[in-house]
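Visitor: Provided herewith: query_39.cif, mmCIF, C-alpha atoms, pLDDT in the B column; chains and numbers go by the auth columns.
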```
data_query
loop_
_atom_site.group_PDB
_atom_site.id
_atom_site.type_symbol
_atom_site.label_atom_id
_atom_site.label_comp_id
_atom_site.label_asym_id
_atom_site.label_seq_id
_atom_site.Cartn_x
_atom_site.Cartn_y
_atom_site.Cartn_z
_atom_site.B_iso_or_equiv
_atom_site.auth_seq_id
_atom_site.auth_asym_id
ATOM 1 C CA MET A 1 0.000 0.000 0.000 82.00 1 A
ATOM 2 C CA ARG A 2 1.589 3.248 -1.104 78.00 2 A
ATOM 3 C CA ILE A 3 0.820 6.964 -1.210 83.00 3 A
ATOM 4 C CA VAL A 4 -0.514 7.803 -4.672 85.00 4 A
ATOM 5 C CA ALA A 5 0.376 11.491 -5.085 90.00 5 A
ATOM 6 C CA GLY A 6 1.664 14.640 -3.431 83.00 6 A
ATOM 7 C CA LYS A 7 4.744 15.271 -1.334 90.00 7 A
ATOM 8 C CA ASN A 8 4.802 11.672 -0.038 83.00 8 A
ATOM 9 C CA LYS A 9 4.114 9.997 -3.397 86.00 9 A
ATOM 10 C CA GLY A 10 5.453 6.459 -3.530 82.00 10 A
ATOM 11 C CA ASN A 11 5.941 6.029 0.228 82.00 11 A
ATOM 12 C CA ILE A 12 4.972 2.524 1.292 85.00 12 A
ATOM 13 C CA LEU A 13 2.590 2.463 4.260 84.00 13 A
ATOM 14 C CA LYS A 14 2.498 -0.226 6.880 84.00 14 A
ATOM 15 C CA SER A 15 -0.693 -2.251 7.293 83.00 15 A
ATOM 16 C CA PRO A 16 -1.694 -5.114 9.605 76.00 16 A
ATOM 17 C CA LYS A 17 -0.764 -8.607 8.557 74.00 17 A
ATOM 18 C CA ASP A 18 -4.186 -10.031 9.420 67.00 18 A
ATOM 19 C CA LEU A 19 -7.388 -9.327 7.522 56.00 19 A
ATOM 20 C CA SER A 20 -9.198 -7.507 10.354 61.00 20 A
ATOM 21 C CA VAL A 21 -8.536 -4.146 8.675 68.00 21 A
ATOM 22 C CA ARG A 22 -9.501 -3.394 5.077 67.00 22 A
ATOM 23 C CA PRO A 23 -7.414 -0.406 3.949 70.00 23 A
ATOM 24 C CA THR A 24 -8.881 1.835 1.263 77.00 24 A
ATOM 25 C CA SER A 25 -7.258 0.761 -1.984 78.00 25 A
ATOM 26 C CA GLU A 26 -4.873 2.960 -3.951 79.00 26 A
ATOM 27 C CA LYS A 27 -7.409 3.059 -6.796 88.00 27 A
ATOM 28 C CA VAL A 28 -10.181 4.385 -4.539 90.00 28 A
ATOM 29 C CA ARG A 29 -7.888 6.889 -2.797 89.00 29 A
ATOM 30 C CA GLU A 30 -6.659 8.159 -6.152 91.00 30 A
ATOM 31 C CA ALA A 31 -10.231 8.517 -7.409 93.00 31 A
ATOM 32 C CA LEU A 32 -11.330 10.277 -4.205 95.00 32 A
ATOM 33 C CA PHE A 33 -8.580 12.872 -4.363 95.00 33 A
ATOM 34 C CA ASP A 34 -8.959 13.329 -8.109 94.00 34 A
ATOM 35 C CA ILE A 35 -12.593 14.292 -7.393 95.00 35 A
ATOM 36 C CA LEU A 36 -11.684 16.586 -4.483 95.00 36 A
ATOM 37 C CA GLY A 37 -8.746 18.100 -6.362 92.00 37 A
ATOM 38 C CA ILE A 38 -7.068 21.198 -4.989 93.00 38 A
ATOM 39 C CA SER A 39 -10.016 21.920 -2.683 94.00 39 A
ATOM 40 C CA VAL A 40 -8.215 19.894 0.018 94.00 40 A
ATOM 41 C CA LYS A 41 -5.254 22.266 0.255 96.00 41 A
ATOM 42 C CA GLU A 42 -4.943 24.043 3.609 96.00 42 A
ATOM 43 C CA THR A 43 -8.035 22.322 5.061 97.00 43 A
ATOM 44 C CA CYS A 44 -8.904 20.215 8.100 98.00 44 A
ATOM 45 C CA PHE A 45 -9.632 16.542 7.298 98.00 45 A
ATOM 46 C CA LEU A 46 -11.110 13.822 9.519 98.00 46 A
ATOM 47 C CA ASP A 47 -10.314 10.169 8.822 98.00 47 A
ATOM 48 C CA LEU A 48 -13.032 8.363 10.819 97.00 48 A
ATOM 49 C CA PHE A 49 -12.597 4.605 11.318 96.00 49 A
ATOM 50 C CA ALA A 50 -9.025 5.388 10.255 95.00 50 A
ATOM 51 C CA GLY A 51 -7.601 1.849 10.161 92.00 51 A
ATOM 52 C CA THR A 52 -4.073 2.293 8.797 92.00 52 A
ATOM 53 C CA GLY A 53 -4.545 6.034 8.310 94.00 53 A
ATOM 54 C CA ALA A 54 -3.937 5.717 4.553 94.00 54 A
ATOM 55 C CA VAL A 55 -6.707 8.141 3.538 95.00 55 A
ATOM 56 C CA GLY A 56 -5.736 10.824 6.050 97.00 56 A
ATOM 57 C CA ILE A 57 -2.053 10.471 5.173 96.00 57 A
ATOM 58 C CA GLU A 58 -2.904 10.693 1.472 96.00 58 A
ATOM 59 C CA ALA A 59 -4.791 13.898 2.320 97.00 59 A
ATOM 60 C CA LEU A 60 -1.746 15.289 4.146 97.00 60 A
ATOM 61 C CA SER A 61 0.443 14.365 1.193 96.00 61 A
ATOM 62 C CA ARG A 62 -1.875 16.405 -1.044 95.00 62 A
ATOM 63 C CA GLY A 63 -1.758 19.564 1.059 96.00 63 A
ATOM 64 C CA VAL A 64 -4.248 19.183 3.907 96.00 64 A
ATOM 65 C CA LYS A 65 -3.155 21.440 6.769 97.00 65 A
ATOM 66 C CA LYS A 66 -4.377 19.164 9.588 98.00 66 A
ATOM 67 C CA ALA A 67 -5.618 15.581 9.629 98.00 67 A
ATOM 68 C CA ILE A 68 -7.444 13.998 12.535 98.00 68 A
ATOM 69 C CA PHE A 69 -7.525 10.234 12.866 98.00 69 A
ATOM 70 C CA ILE A 70 -10.159 8.441 14.955 98.00 70 A
ATOM 71 C CA GLU A 71 -9.659 4.730 15.483 97.00 71 A
ATOM 72 C CA LYS A 72 -10.502 2.469 18.425 95.00 72 A
ATOM 73 C CA GLU A 73 -8.108 -0.443 17.807 93.00 73 A
ATOM 74 C CA GLN A 74 -4.717 -0.127 19.502 94.00 74 A
ATOM 75 C CA LYS A 75 -2.875 -2.098 16.787 93.00 75 A
ATOM 76 C CA CYS A 76 -4.199 0.376 14.207 93.00 76 A
ATOM 77 C CA ILE A 77 -3.246 3.388 16.342 96.00 77 A
ATOM 78 C CA LYS A 78 0.314 2.069 16.445 96.00 78 A
ATOM 79 C CA ILE A 79 0.340 1.636 12.646 94.00 79 A
ATOM 80 C CA ILE A 80 -1.135 5.122 12.047 96.00 80 A
ATOM 81 C CA LYS A 81 1.556 6.703 14.228 97.00 81 A
ATOM 82 C CA GLU A 82 4.304 4.717 12.475 96.00 82 A
ATOM 83 C CA ASN A 83 2.953 5.738 9.054 95.00 83 A
ATOM 84 C CA LEU A 84 2.769 9.391 10.125 96.00 84 A
ATOM 85 C CA GLU A 85 6.381 9.240 11.359 96.00 85 A
ATOM 86 C CA LYS A 86 7.566 7.526 8.192 94.00 86 A
ATOM 87 C CA THR A 87 5.945 10.194 5.999 94.00 87 A
ATOM 88 C CA GLU A 88 7.046 13.018 8.339 94.00 88 A
ATOM 89 C CA ASN A 89 3.459 14.164 8.864 92.00 89 A
ATOM 90 C CA SER A 90 3.151 13.768 12.649 93.00 90 A
ATOM 91 C CA GLN A 91 3.259 17.532 13.262 96.00 91 A
ATOM 92 C CA ASN A 92 0.112 18.027 11.160 97.00 92 A
ATOM 93 C CA ALA A 93 -1.865 15.162 12.670 97.00 93 A
ATOM 94 C CA VAL A 94 -3.902 14.356 15.756 98.00 94 A
ATOM 95 C CA VAL A 95 -4.612 10.705 16.545 98.00 95 A
ATOM 96 C CA TYR A 96 -7.365 9.664 18.959 98.00 96 A
ATOM 97 C CA LYS A 97 -7.771 6.112 20.243 98.00 97 A
ATOM 98 C CA ILE A 98 -11.511 6.259 20.697 97.00 98 A
ATOM 99 C CA ASP A 99 -14.697 4.847 19.181 96.00 99 A
ATOM 100 C CA PHE A 100 -16.337 6.897 16.435 96.00 100 A
ATOM 101 C CA LEU A 101 -19.244 8.272 18.493 96.00 101 A
ATOM 102 C CA SER A 102 -17.054 9.324 21.427 97.00 102 A
ATOM 103 C CA GLY A 103 -14.649 10.795 18.877 97.00 103 A
ATOM 104 C CA LEU A 104 -17.358 12.912 17.265 97.00 104 A
ATOM 105 C CA LYS A 105 -18.453 14.144 20.699 97.00 105 A
ATOM 106 C CA LEU A 106 -14.846 14.989 21.575 98.00 106 A
ATOM 107 C CA LEU A 107 -14.344 16.954 18.349 98.00 107 A
ATOM 108 C CA ALA A 108 -17.544 18.921 19.029 97.00 108 A
ATOM 109 C CA LYS A 109 -16.439 19.624 22.607 97.00 109 A
ATOM 110 C CA LYS A 110 -13.061 20.867 21.324 97.00 110 A
ATOM 111 C CA ASN A 111 -14.862 23.087 18.756 96.00 111 A
ATOM 112 C CA TYR A 112 -13.261 21.545 15.700 96.00 112 A
ATOM 113 C CA LEU A 113 -14.540 22.755 12.348 95.00 113 A
ATOM 114 C CA LEU A 114 -13.803 20.253 9.614 97.00 114 A
ATOM 115 C CA ASP A 115 -13.742 20.782 5.880 97.00 115 A
ATOM 116 C CA PHE A 116 -13.848 17.076 5.011 98.00 116 A
ATOM 117 C CA ILE A 117 -14.969 13.982 6.880 98.00 117 A
ATOM 118 C CA PHE A 118 -14.060 10.631 5.356 98.00 118 A
ATOM 119 C CA LEU A 119 -15.544 7.499 6.895 97.00 119 A
ATOM 120 C CA ASP A 120 -14.934 3.897 6.037 94.00 120 A
ATOM 121 C CA PRO A 121 -16.586 1.763 8.722 94.00 121 A
ATOM 122 C CA PRO A 122 -16.536 -2.038 8.666 89.00 122 A
ATOM 123 C CA TYR A 123 -18.788 -3.281 5.880 86.00 123 A
ATOM 124 C CA ASN A 124 -22.247 -4.805 6.437 83.00 124 A
ATOM 125 C CA LYS A 125 -22.625 -3.767 10.066 87.00 125 A
ATOM 126 C CA GLY A 126 -25.046 -0.868 9.557 87.00 126 A
ATOM 127 C CA LEU A 127 -22.410 1.625 10.655 93.00 127 A
ATOM 128 C CA VAL A 128 -22.498 3.841 7.555 95.00 128 A
ATOM 129 C CA ASN A 129 -25.992 5.217 8.193 95.00 129 A
ATOM 130 C CA ILE A 130 -25.447 5.386 11.954 95.00 130 A
ATOM 131 C CA SER A 131 -22.191 7.301 11.439 96.00 131 A
ATOM 132 C CA LEU A 132 -23.731 9.720 8.947 96.00 132 A
ATOM 133 C CA LEU A 133 -26.676 10.366 11.243 95.00 133 A
ATOM 134 C CA GLU A 134 -24.367 11.048 14.191 95.00 134 A
ATOM 135 C CA ILE A 135 -22.139 13.327 12.108 96.00 135 A
ATOM 136 C CA SER A 136 -25.226 15.328 11.136 94.00 136 A
ATOM 137 C CA LYS A 137 -26.006 15.952 14.828 93.00 137 A
ATOM 138 C CA PHE A 138 -22.714 17.617 15.735 93.00 138 A
ATOM 139 C CA PRO A 139 -21.583 21.130 14.715 92.00 139 A
ATOM 140 C CA ILE A 140 -18.192 19.931 13.449 95.00 140 A
ATOM 141 C CA LEU A 141 -18.577 20.377 9.692 94.00 141 A
ATOM 142 C CA ARG A 142 -17.998 23.748 8.061 92.00 142 A
ATOM 143 C CA HIS A 143 -20.943 25.176 6.152 87.00 143 A
ATOM 144 C CA ASN A 144 -19.427 24.198 2.781 88.00 144 A
ATOM 145 C CA GLY A 145 -17.874 20.990 4.110 93.00 145 A
ATOM 146 C CA LEU A 146 -18.197 17.514 2.630 97.00 146 A
ATOM 147 C CA VAL A 147 -18.712 14.076 4.105 97.00 147 A
ATOM 148 C CA ILE A 148 -17.500 11.141 2.050 98.00 148 A
ATOM 149 C CA ALA A 149 -18.614 7.638 3.001 97.00 149 A
ATOM 150 C CA GLN A 150 -16.977 4.532 1.626 95.00 150 A
ATOM 151 C CA HIS A 151 -19.306 1.546 1.824 95.00 151 A
ATOM 152 C CA TYR A 152 -19.980 -1.883 0.380 92.00 152 A
ATOM 153 C CA LYS A 153 -21.935 -1.832 -2.884 92.00 153 A
ATOM 154 C CA LYS A 154 -24.892 -3.756 -1.380 92.00 154 A
ATOM 155 C CA GLU A 155 -25.305 -1.518 1.670 92.00 155 A
ATOM 156 C CA LYS A 156 -28.359 0.735 1.495 90.00 156 A
ATOM 157 C CA ILE A 157 -27.567 4.265 2.547 92.00 157 A
ATOM 158 C CA MET A 158 -29.826 7.159 3.405 91.00 158 A
ATOM 159 C CA GLU A 159 -29.854 10.130 1.056 91.00 159 A
ATOM 160 C CA ASN A 160 -31.003 12.819 3.494 89.00 160 A
ATOM 161 C CA LEU A 161 -29.827 13.019 7.083 88.00 161 A
ATOM 162 C CA ASN A 162 -30.741 16.226 8.899 87.00 162 A
ATOM 163 C CA ASN A 163 -28.343 18.757 7.324 89.00 163 A
ATOM 164 C CA LEU A 164 -26.545 16.307 4.997 93.00 164 A
ATOM 165 C CA ARG A 165 -27.685 15.593 1.444 95.00 165 A
ATOM 166 C CA LEU A 166 -26.299 12.937 -0.877 96.00 166 A
ATOM 167 C CA TYR A 167 -25.259 14.617 -4.118 94.00 167 A
ATOM 168 C CA ASN A 168 -22.850 12.204 -5.802 95.00 168 A
ATOM 169 C CA GLN A 169 -21.965 8.507 -5.806 96.00 169 A
ATOM 170 C CA ARG A 170 -19.199 6.641 -7.587 95.00 170 A
ATOM 171 C CA ARG A 171 -18.687 2.896 -7.709 95.00 171 A
ATOM 172 C CA TYR A 172 -15.236 1.292 -7.598 93.00 172 A
ATOM 173 C CA GLY A 173 -15.450 -2.490 -7.760 90.00 173 A
ATOM 174 C CA GLU A 174 -17.063 -3.727 -4.546 91.00 174 A
ATOM 175 C CA CYS A 175 -17.450 -0.293 -2.945 93.00 175 A
ATOM 176 C CA TYR A 176 -19.063 3.081 -3.392 95.00 176 A
ATOM 177 C CA LEU A 177 -17.910 6.531 -2.458 96.00 177 A
ATOM 178 C CA SER A 178 -20.970 8.563 -1.465 97.00 178 A
ATOM 179 C CA PHE A 179 -20.577 12.335 -1.204 97.00 179 A
ATOM 180 C CA TYR A 180 -22.730 14.399 1.148 97.00 180 A
ATOM 181 C CA GLU A 181 -22.891 18.179 1.298 94.00 181 A
ATOM 182 C CA TYR A 182 -23.907 20.344 4.224 88.00 182 A
ATOM 183 C CA VAL A 183 -27.167 22.221 3.679 84.00 183 A
ATOM 184 C CA ASN A 184 -29.114 24.678 5.822 73.00 184 A
ATOM 185 C CA ILE A 185 -32.428 23.347 7.022 65.00 185 A
#
```
Kindly return the structure encoded in the file as structure tokens.

Guide:
Amino acid sequence: MRIVAGKNKGNILKSPKDLSVRPTSEKVREALFDILGISVKETCFLDLFAGTGAVGIEALSRGVKKAIFIEKEQKCIKIIKENLEKTENSQNAVVYKIDFLSGLKLLAKKNYLLDFIFLDPPYNKGLVNISLLEISKFPILRHNGLVIAQHYKKEKIMENLNNLRLYNQRRYGECYLSFYEYVNI
């Protein structure tokens, strides 16, 4: 697994040897950041259900000012920190060992305002809709911010969740990237 583009292009990232974590593929990361383009530069990016941290580190490589990683598994936290060190991005990152809901509450309490939220929860556990609904409850997304959910192609997702509206979907093999925009209600 390597960084696709930006200042860290070509860096090989560490990932767990077992199959308990499913890192976002290079193809999907490349497609995601091709869609987002230069809009990520100098922004604040949340990698929720961070796993190896590959998406957040890719974001940092492409010019994100600050990346926040939320992950509950200790083995993944260790890998994220090692990958941040290897790519010399630790100074622009915050890593929280916490479950996603507690993490969202913590970010709201600390008054974070995020430009992008990327989430890639375990497939087929109903966590995509739950996560999106919870994100919509907290004032952590900037008015023009985006939420991007990666999910299994057979998972049904909601299109409207409080102040989030689905406006774009792209399929990549077995997964979709679903893009939500913040709207005033």

Visitor: Using only C-alpha atoms, pick whichever of A:Val147, A:Tyr96, A:Val28, A:Asn129 has the shortest atom-to-atom distance to Glu174 (chain A).

Guide: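 Among the listed residues, A:Val28 lies closest to Glu174 (chain A).
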
Visitor: Of the candidates A:Ala5, A:Ala59, A:Leu161, A:Leu32, which one gets nearest to Ala93 (chain A) if we count all atoms listed in the file?

Guide: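 The answer is A:Ala59, which sits nearest to Ala93 (chain A).
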
Visitor: Measuring atom to atom with only C-alpha atoms, identify which of A:Ser61, A:Asn162, A:Asn111, A:Gln150 is nearest to Asn89 (chain A).

Guide: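 That would be A:Ser61, the residue with the smallest distance to Asn89 (chain A).
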
Visitor: What's the separation between CA of Lys75 (chain A) and CA of Pro16 (chain A), in Å to one decimal place?

Guide: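 Computing the Euclidean distance for CA of Lys75 (chain A) and CA of Pro16 (chain A) yields 7.9 Å.
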
Visitor: Given only C-alpha atoms as the basis, pick out the residue of A:Leu36, A:Val4, A:Val64, A:Leu113 nearest to Pro139 (chain A).

Guide: A:Leu113

Visitor: Considering only C-alpha atoms, can you say which of A:His151, A:Lys81, A:Lys86, A:Lys65 comes closest to Thr24 (chain A)?

Guide: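 The answer is A:His151, which sits nearest to Thr24 (chain A).
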
Visitor: Evaluated on this file, the PyMOL selection byres ((chain A and resi 136) around 8) picks out some residues - which ones are they, written as a PyMOL selection string?

Guide: chain A and resi 132-135+137-139+161-164

Visitor: Find the spatial neighbours of Val55 (chain A), counting only C-alpha atoms, within a cut-off of 9 Å - ignore same-chain residues fewer than 5 positions away - and output them as an NGL selection string.

Guide: :A and (3 or 23-24 or 29 or 47 or 50 or 60 or 118)

Visitor: What is the CA of Lys97 (chain A)-CA of Lys72 (chain A) distance in Å, reported with one decimal?

Guide: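 Interatomic distance, CA of Lys97 (chain A) to CA of Lys72 (chain A): 4.9 Å.
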
Visitor: Need the neighbours of (-11.6, 22.8, -2.1): which residues are at most 10 Å away, counting all atoms listed in the file, as a PDB file with C-alpha atoms, in the frame of the given file?

Guide:
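out29.pdb written:
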```pdb
ATOM      1  CA  LEU A  36     -11.684  16.586  -4.483  1.00 95.00           C
ATOM      2  CA  GLY A  37      -8.746  18.100  -6.362  1.00 92.00           C
ATOM      3  CA  ILE A  38      -7.068  21.198  -4.989  1.00 93.00           C
ATOM      4  CA  SER A  39     -10.016  21.920  -2.683  1.00 94.00           C
ATOM      5  CA  VAL A  40      -8.215  19.894   0.018  1.00 94.00           C
ATOM      6  CA  LYS A  41      -5.254  22.266   0.255  1.00 96.00           C
ATOM      7  CA  GLU A  42      -4.943  24.043   3.609  1.00 96.00           C
ATOM      8  CA  THR A  43      -8.035  22.322   5.061  1.00 97.00           C
ATOM      9  CA  ASP A 115     -13.742  20.782   5.880  1.00 97.00           C
ATOM     10  CA  PHE A 116     -13.848  17.076   5.011  1.00 98.00           C
ATOM     11  CA  ASN A 144     -19.427  24.198   2.781  1.00 88.00           C
ATOM     12  CA  GLY A 145     -17.874  20.990   4.110  1.00 93.00           C
ATOM     13  CA  LEU A 146     -18.197  17.514   2.630  1.00 97.00           C
TER      14      LEU A 146
END
```

Visitor: Tell me which of A:Tyr152, A:Leu107, A:Lys78, A:Asn11 sits closest to Leu177 (chain A), counting all atoms listed in the file.

Guide: A:Tyr152
